[in-house]
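**Student:** This is query_35.cif, which holds mmCIF, C-alpha atoms:
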data_protein
#
loop_
_atom_site.label_atom_id
_atom_site.label_comp_id
_atom_site.auth_asym_id
_atom_site.auth_seq_id
_atom_site.Cartn_x
_atom_site.Cartn_y
_atom_site.Cartn_z
CA MET K 1 48.30 32.47 46.04
CA VAL K 2 48.51 35.98 47.60
CA CYS K 3 45.32 38.00 47.12
CA ILE K 4 45.49 41.54 45.74
CA ASN K 5 45.01 44.40 48.20
CA LEU K 6 42.33 46.80 46.94
CA ASP K 7 40.96 50.08 48.12
CA ILE K 8 37.28 51.03 47.74
CA LEU K 9 37.73 52.39 44.23
CA ASP K 10 39.68 49.32 43.15
CA ILE K 11 36.98 47.02 44.50
CA LYS K 12 34.37 48.81 42.39
CA GLU K 13 36.57 48.63 39.31
CA TYR K 14 37.39 44.98 39.97
CA ILE K 15 33.69 44.21 40.17
CA ALA K 16 33.00 46.27 37.03
CA SER K 17 35.77 44.51 35.09
CA GLY K 18 33.53 41.58 34.16
CA ILE K 19 35.87 39.02 35.67
CA LEU K 20 33.15 37.90 38.09
CA GLU K 21 30.84 37.22 35.16
CA GLY K 22 33.66 35.29 33.52
CA TYR K 23 33.98 33.19 36.67
CA ALA K 24 30.21 32.57 36.70
CA MET K 25 30.41 31.40 33.07
CA GLY K 26 33.42 29.18 33.77
CA ILE K 27 35.63 30.75 31.09
CA LEU K 28 38.53 32.04 33.27
CA SER K 29 42.01 30.61 33.35
CA GLU K 30 43.05 28.58 36.39
CA GLN K 31 45.03 31.50 37.84
CA GLU K 32 42.15 33.96 37.34
CA THR K 33 39.72 31.50 38.91
CA ARG K 34 41.89 31.16 42.02
CA GLU K 35 42.22 34.95 42.17
CA VAL K 36 38.43 35.45 42.12
CA GLU K 37 37.90 32.82 44.79
CA CYS K 38 40.55 34.39 46.96
CA MET K 39 39.22 37.93 46.51
CA SER K 40 35.65 36.85 47.29
CA LYS K 41 36.82 35.47 50.64
CA ILE K 42 38.53 38.69 51.62
CA TYR K 43 36.08 41.31 50.31
CA PRO K 44 32.37 40.89 51.16
CA GLU K 45 31.45 43.27 48.34
CA ILE K 46 33.14 41.02 45.79
CA LYS K 47 31.55 37.90 47.27
CA GLU K 48 28.13 39.51 47.08
CA GLU K 49 28.62 40.57 43.46
CA LEU K 50 29.98 37.10 42.57
CA LEU K 51 26.85 35.45 43.97
CA LEU K 52 24.75 37.95 41.99
CA ALA K 53 26.69 37.19 38.79
CA GLN K 54 26.19 33.46 39.28
CA SER K 55 22.47 34.03 39.84
CA GLN K 56 22.28 36.16 36.71
CA MET K 57 24.02 33.53 34.62
CA GLU K 58 21.50 30.95 35.84
CA ALA K 59 18.78 33.33 34.70
CA VAL K 60 20.50 33.72 31.31
CA SER K 61 20.52 29.97 30.91
CA GLU K 62 16.72 30.14 31.08
CA THR K 63 16.82 31.60 27.55
CA TRP K 64 16.99 27.97 26.46
CA LYS K 65 13.33 27.82 27.47
CA LYS K 66 12.14 31.24 26.34
CA PRO K 67 11.85 32.98 22.95
CA VAL K 68 14.82 35.19 22.10
CA PRO K 69 13.93 38.94 22.03
CA SER K 70 14.49 40.25 18.53
CA ASP K 71 16.36 43.36 19.77
CA LEU K 72 18.65 41.51 22.22
CA LYS K 73 21.70 41.41 19.98
CA ALA K 74 21.39 45.11 19.02
CA LYS K 75 21.14 46.17 22.68
CA VAL K 76 24.15 44.12 23.75
CA MET K 77 26.31 45.29 20.86
CA GLN K 78 25.31 48.92 21.63
CA ALA K 79 26.37 48.40 25.25
CA ILE K 80 29.74 47.11 24.10
CA ALA K 81 30.17 50.08 21.74
CA ASN K 82 29.46 52.54 24.60
CA GLU K 83 32.05 50.98 26.93
CA PRO K 84 34.99 53.40 27.47
CA LEU K 85 38.39 52.04 26.55
CA GLU K 86 40.59 54.30 28.65
CA SER K 87 41.93 53.10 31.98
CA THR K 88 41.88 55.06 35.23
CA THR K 89 45.18 56.16 36.76
CA LYS K 90 45.82 54.58 40.15
CA SER K 91 47.39 56.23 43.19
CA GLU K 92 50.72 55.18 44.63
CA ALA K 93 49.00 53.85 47.82
CA LYS K 94 48.20 50.46 46.25
CA VAL K 95 50.35 47.52 47.24
CA ILE K 96 49.93 45.98 43.79
CA SER K 97 48.41 47.98 40.94
CA ILE K 98 46.02 46.31 38.49
CA ASN K 99 46.17 47.29 34.85
CA LYS K 100 42.49 47.37 33.75
CA GLY K 101 42.28 49.31 30.46
CA SER K 102 41.47 47.04 27.54
CA GLN K 103 41.09 44.09 29.96
CA LEU K 104 37.81 45.59 31.27
CA SER K 105 36.35 45.88 27.80
CA THR K 106 37.60 42.41 26.90
CA TRP K 107 35.81 40.79 29.82
CA ARG K 108 32.61 42.69 29.12
CA ALA K 109 32.80 41.79 25.45
CA ILE K 110 33.29 38.12 26.35
CA ALA K 111 30.33 38.27 28.73
CA ALA K 112 28.17 39.99 26.12
CA VAL K 113 29.08 37.62 23.30
CA THR K 114 28.51 34.63 25.57
CA THR K 115 25.08 36.02 26.46
CA ILE K 116 24.25 36.39 22.77
CA LEU K 117 25.41 32.85 22.05
CA LEU K 118 23.30 31.46 24.87
CA ALA K 119 20.27 33.38 23.62
CA VAL K 120 20.80 32.32 19.99
CA MET K 121 21.34 28.69 21.03
CA GLY K 122 18.20 28.93 23.13
CA GLY K 123 16.25 30.16 20.12
CA PHE K 124 17.70 27.34 18.01
CA TYR K 125 16.67 24.87 20.70
CA LEU K 126 13.10 26.24 20.77
CA SER K 127 12.92 26.12 16.98
CA SER K 128 14.13 22.50 16.99
CA ARG K 129 11.61 21.59 19.68
CA SER K 130 8.80 23.23 17.66
CA GLU K 131 9.77 21.29 14.53
CA MET K 132 10.01 18.09 16.59
CA LYS K 133 6.51 18.62 17.99
CA GLN K 134 5.17 19.25 14.47
CA GLN K 135 6.80 16.05 13.27
CA GLU K 136 5.41 14.13 16.27
CA SER K 137 1.94 15.53 15.52
CA ALA K 138 2.23 14.56 11.85
CA LEU K 139 3.43 11.08 12.84
CA ALA K 140 0.50 10.64 15.25
CA GLU K 141 -1.93 11.72 12.52
CA ALA K 142 -0.31 9.31 10.06
CA LYS K 143 -0.68 6.49 12.60
CA VAL K 144 -4.39 7.28 13.02
CA LYS K 145 -4.92 7.23 9.25
CA THR K 146 -2.91 4.02 8.95
CA ASN K 147 -5.07 2.38 11.61
CA GLU K 148 -8.21 3.53 9.79
CA LEU K 149 -6.91 2.04 6.53
CA LEU K 150 -6.00 -1.20 8.31
CA ASN K 151 -9.51 -1.38 9.75
CA GLN K 152 -10.96 -0.86 6.27
CA VAL K 153 -8.71 -3.60 4.90
CA ASN K 154 -9.79 -5.93 7.71
CA GLN K 155 -13.45 -5.21 6.95
CA MET K 156 -12.82 -5.88 3.26
CA GLU K 157 -11.11 -9.16 4.11
CA ILE K 158 -14.07 -10.16 6.31
CA SER K 159 -16.52 -9.23 3.55
CA LEU K 160 -14.45 -11.15 0.99
CA ALA K 161 -14.36 -14.20 3.26
CA GLN K 162 -18.15 -14.00 3.66
CA TYR K 163 -18.60 -13.65 -0.08
CA ASN K 164 -16.35 -16.66 -0.74
CA ALA K 165 -18.26 -18.68 1.84
CA GLU K 166 -21.62 -17.78 0.27
CA GLU K 167 -20.28 -18.53 -3.21
CA ALA K 168 -19.08 -21.93 -2.04
CA PHE K 169 -22.54 -22.55 -0.57
CA PHE K 170 -24.45 -21.62 -3.72
CA VAL K 171 -22.28 -23.68 -6.08
CA HIS K 172 -22.19 -26.73 -3.79
CA ASP K 173 -23.80 -29.75 -5.47
CA LYS K 174 -25.94 -30.46 -2.39
CA THR K 175 -27.49 -26.96 -2.30
CA GLN K 176 -31.17 -27.02 -3.29
CA ARG K 177 -33.16 -24.03 -4.56
CA ILE K 178 -36.61 -24.12 -2.99
CA ALA K 179 -39.41 -21.85 -4.18
CA LEU K 180 -41.93 -20.86 -1.51
CA THR K 181 -45.26 -19.87 -3.08
CA GLY K 182 -48.20 -17.89 -1.70
CA THR K 183 -51.02 -19.49 0.25
CA ALA K 184 -54.75 -18.68 -0.01
CA LEU K 185 -54.12 -15.84 2.46
CA SER K 186 -51.68 -14.15 0.08
CA PRO K 187 -51.57 -15.84 -3.36
CA ASP K 188 -49.14 -13.32 -4.86
CA SER K 189 -46.52 -13.76 -2.16
CA LYS K 190 -43.36 -15.69 -2.95
CA MET K 191 -39.89 -16.28 -1.61
CA ARG K 192 -36.76 -18.33 -2.34
CA VAL K 193 -34.82 -20.51 0.07
CA PHE K 194 -31.54 -22.32 -0.57
CA TRP K 195 -30.91 -25.32 1.64
CA ASN K 196 -27.92 -27.67 1.97
CA ASP K 197 -28.52 -30.57 4.35
CA GLN K 198 -24.86 -31.60 4.19
CA MET K 199 -23.51 -28.13 5.14
CA LYS K 200 -26.48 -27.59 7.51
CA ARG K 201 -26.98 -24.11 6.11
CA MET K 202 -29.99 -22.19 4.85
CA VAL K 203 -30.07 -18.92 2.92
CA MET K 204 -33.22 -17.00 1.98
CA THR K 205 -33.54 -14.26 -0.61
CA GLY K 206 -36.14 -12.54 -2.77
CA THR K 207 -38.74 -12.04 -0.05
CA ASP K 208 -41.70 -10.83 -2.14
CA LEU K 209 -44.14 -10.41 0.76
CA PRO K 210 -46.62 -7.69 1.79
CA GLN K 211 -45.47 -4.85 4.03
CA THR K 212 -46.31 -5.41 7.68
CA ALA K 213 -47.44 -3.19 10.55
CA GLN K 214 -44.72 -1.95 12.89
CA GLU K 215 -45.78 -4.35 15.65
CA MET K 216 -45.72 -7.39 13.33
CA GLN K 217 -42.84 -9.43 11.91
CA TYR K 218 -42.40 -12.42 9.59
CA GLN K 219 -41.13 -15.70 11.06
CA LEU K 220 -39.46 -18.54 9.15
CA TRP K 221 -40.13 -22.19 9.98
CA ALA K 222 -38.64 -25.51 8.93
CA ILE K 223 -40.94 -28.54 8.91
CA VAL K 224 -38.92 -31.45 10.34
CA ASP K 225 -40.61 -34.83 10.76
CA GLY K 226 -43.97 -33.09 10.50
CA LYS K 227 -43.19 -30.57 13.29
CA PRO K 228 -42.39 -26.83 12.89
CA VAL K 229 -38.91 -25.68 13.98
CA ASP K 230 -38.39 -21.97 14.61
CA LEU K 231 -35.72 -20.46 12.32
CA GLY K 232 -36.12 -16.89 13.57
CA VAL K 233 -37.91 -13.67 12.63
CA PHE K 234 -36.98 -11.32 9.80
CA ASP K 235 -37.99 -8.11 8.06
CA LEU K 236 -38.42 -7.81 4.32
CA LEU K 237 -35.20 -8.12 2.33
CA ALA K 238 -34.43 -5.51 -0.30
CA GLY K 239 -33.42 -6.41 -3.85
CA ASP K 240 -30.73 -9.09 -3.97
CA GLU K 241 -30.14 -8.96 -0.21
CA ILE K 242 -29.69 -12.38 1.39
CA GLN K 243 -29.96 -13.68 4.91
CA GLY K 244 -28.48 -16.98 5.99
CA LYS K 245 -27.92 -19.10 9.06
CA ASN K 246 -26.58 -22.49 10.06
CA LEU K 247 -29.26 -24.97 11.13
CA ASP K 248 -28.74 -27.97 13.37
CA VAL K 249 -31.62 -29.98 11.87
CA ASP K 250 -32.00 -33.10 9.76
CA LYS K 251 -34.62 -34.30 7.28
CA VAL K 252 -36.15 -30.92 6.50
CA GLN K 253 -39.39 -31.58 4.63
CA ALA K 254 -40.51 -28.00 3.93
CA PHE K 255 -40.14 -24.31 4.76
CA ALA K 256 -42.94 -21.87 5.63
CA VAL K 257 -43.38 -18.22 6.67
CA THR K 258 -46.02 -16.88 9.04
CA LEU K 259 -46.85 -13.39 10.25
CA GLU K 260 -46.39 -13.02 14.03
CA LYS K 261 -46.14 -10.31 16.66
CA ARG K 262 -42.73 -8.61 16.61
CA GLY K 263 -40.19 -10.82 18.31
CA GLY K 264 -41.73 -14.07 17.11
CA SER K 265 -43.83 -16.87 18.52
CA PRO K 266 -42.88 -20.30 19.93
CA THR K 267 -45.47 -21.90 17.64
CA PRO K 268 -46.65 -20.80 14.19
CA THR K 269 -49.98 -19.04 13.68
CA LEU K 270 -51.25 -21.28 10.89
CA ASP K 271 -54.02 -18.96 9.70
CA GLN K 272 -51.29 -16.32 9.13
CA MET K 273 -49.13 -18.50 6.87
CA TYR K 274 -48.08 -16.50 3.79
CA VAL K 275 -45.79 -18.83 1.83
CA TYR K 276 -44.94 -22.54 1.85
CA GLY K 277 -42.53 -24.76 -0.14
CA GLY K 278 -41.58 -28.42 0.07
CA VAL K 279 -37.98 -29.67 -0.18
#
Write the structure described by the file as structure tokens, please.
**Tutor:**
Amino acid sequence: MVCINLDILDIKEYIASGILEGYAMGILSEQETREVECMSKIYPEIKEELLLAQSQMEAVSETWKKPVPSDLKAKVMQAIANEPLESTTKSEAKVISINKGSQLSTWRAIAAVTTILLAVMGGFYLSSRSEMKQQESALAEAKVKTNELLNQVNQMEISLAQYNAEEAFFVHDKTQRIALTGTALSPDSKMRVFWNDQMKRMVMTGTDLPQTAQEMQYQLWAIVDGKPVDLGVFDLLAGDEIQGKNLDVDKVQAFAVTLEKRGGSPTPTLDQMYVYGGV
């Protein structure tokens, strides 16, 4: 197409018309787009302003990432209201005259409204992102609480399984209740042991024994074929608390408890035996 010949005043008015902003926003018709491209090749001033308009539109697009100023719409609408509507009379020296008039205001209005829309859409985007982050935070918190509840349920299931196992042990027809009574060292001491030689399991409860010094600890023994077998150390049990363990022994003849240094002893200190009970 043939480009329009402009004088200095026309170039300024062409730039001020808003058509370059329209090109930068991609809202021109095909003919207007070709005209802008042609004019920018001929007139350096127009090319410079076109590059500036494109840069400004890129900056406007950044409103998608920034909060929208509350007074933006009022300022833009005021600028549109202050735009003069009358056109300037052109001299006869022009090869082709351009009728600006209402076209100038139209382009500026389009540019202004587009700017407002971009800003409003940017604010909507930010609002949506904020709500999304809140929902993500709430979801993460719900997941944490769900995991905590699942852990509690797992612990309850473990406890229930232990309870069922202990119940099965106590009601088993091979489980014997053995009363350990105090020796001459401590006549008032007593303790109960439940033993099942078929299940190979022992449970002790009701440890009515004297308090010990911090450096001392009670140790349980099984008498097997006349020899003591270490069943481990323990502290006093409270109330109906029980303590059990599986034992790989046969032909248990008796159980006994001695007082040893904390951590236990490989052999029992016989003069520190507190309770004894035969099977």
**Student:** Compile the contact shell of Leu51 in chain K as a PyMOL selection string: residues with an atom at most 9 Å away, counting only C-alpha atoms, same-chain residues fewer than 4 positions apart removed.
**Tutor:** chain K and resi 20+24+46-47+55-56
**Student:** Write out, as a compact mmCIF listing (two decimals), in the coordinates of the input, the residues just selected, with C-alpha atoms.
**Tutor:**
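The result, stored in selection_12.txt:
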# COMPACT_ATOMS: atom_id res chain seq x y z
CA LEU K 20 33.15 37.90 38.09
CA ALA K 24 30.21 32.57 36.70
CA ILE K 46 33.14 41.02 45.79
CA LYS K 47 31.55 37.90 47.27
CA SER K 55 22.47 34.03 39.84
CA GLN K 56 22.28 36.16 36.71
**Student:** For the structure provided, state which residues fall under the PyMOL selection byres ((chain K and resi 253-261) around 9), and present them as a ChimeraX atom specification.
**Tutor:** /K:178,180,193,212,215-226,228,233,251-252,262-265,268-279
**Student:** Quote the spacing between CA of Thr33 in chain K and CA of Gly18 in chain K in Å to one decimal place.
**Tutor:**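 Atom-to-atom, CA of Thr33 in chain K to CA of Gly18 in chain K, that is 12.7 Å.
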**Student:** Enumerate, as a ChimeraX atom specification, the protein, DNA and RNA residues whose atoms approach (26.1, 37.6, 39.4) to within 12 Å, taking into account all atoms listed in the file and the coordinate frame of the file.
**Tutor:** /K:15-16,18-25,45-60,111
**Student:** State, in Å with one decimal place, the distance from CA of Met191 in chain K to CA of Asn246 in chain K.
**Tutor:**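 Result for CA of Met191 in chain K versus CA of Asn246 in chain K: 18.8 Å, one decimal.
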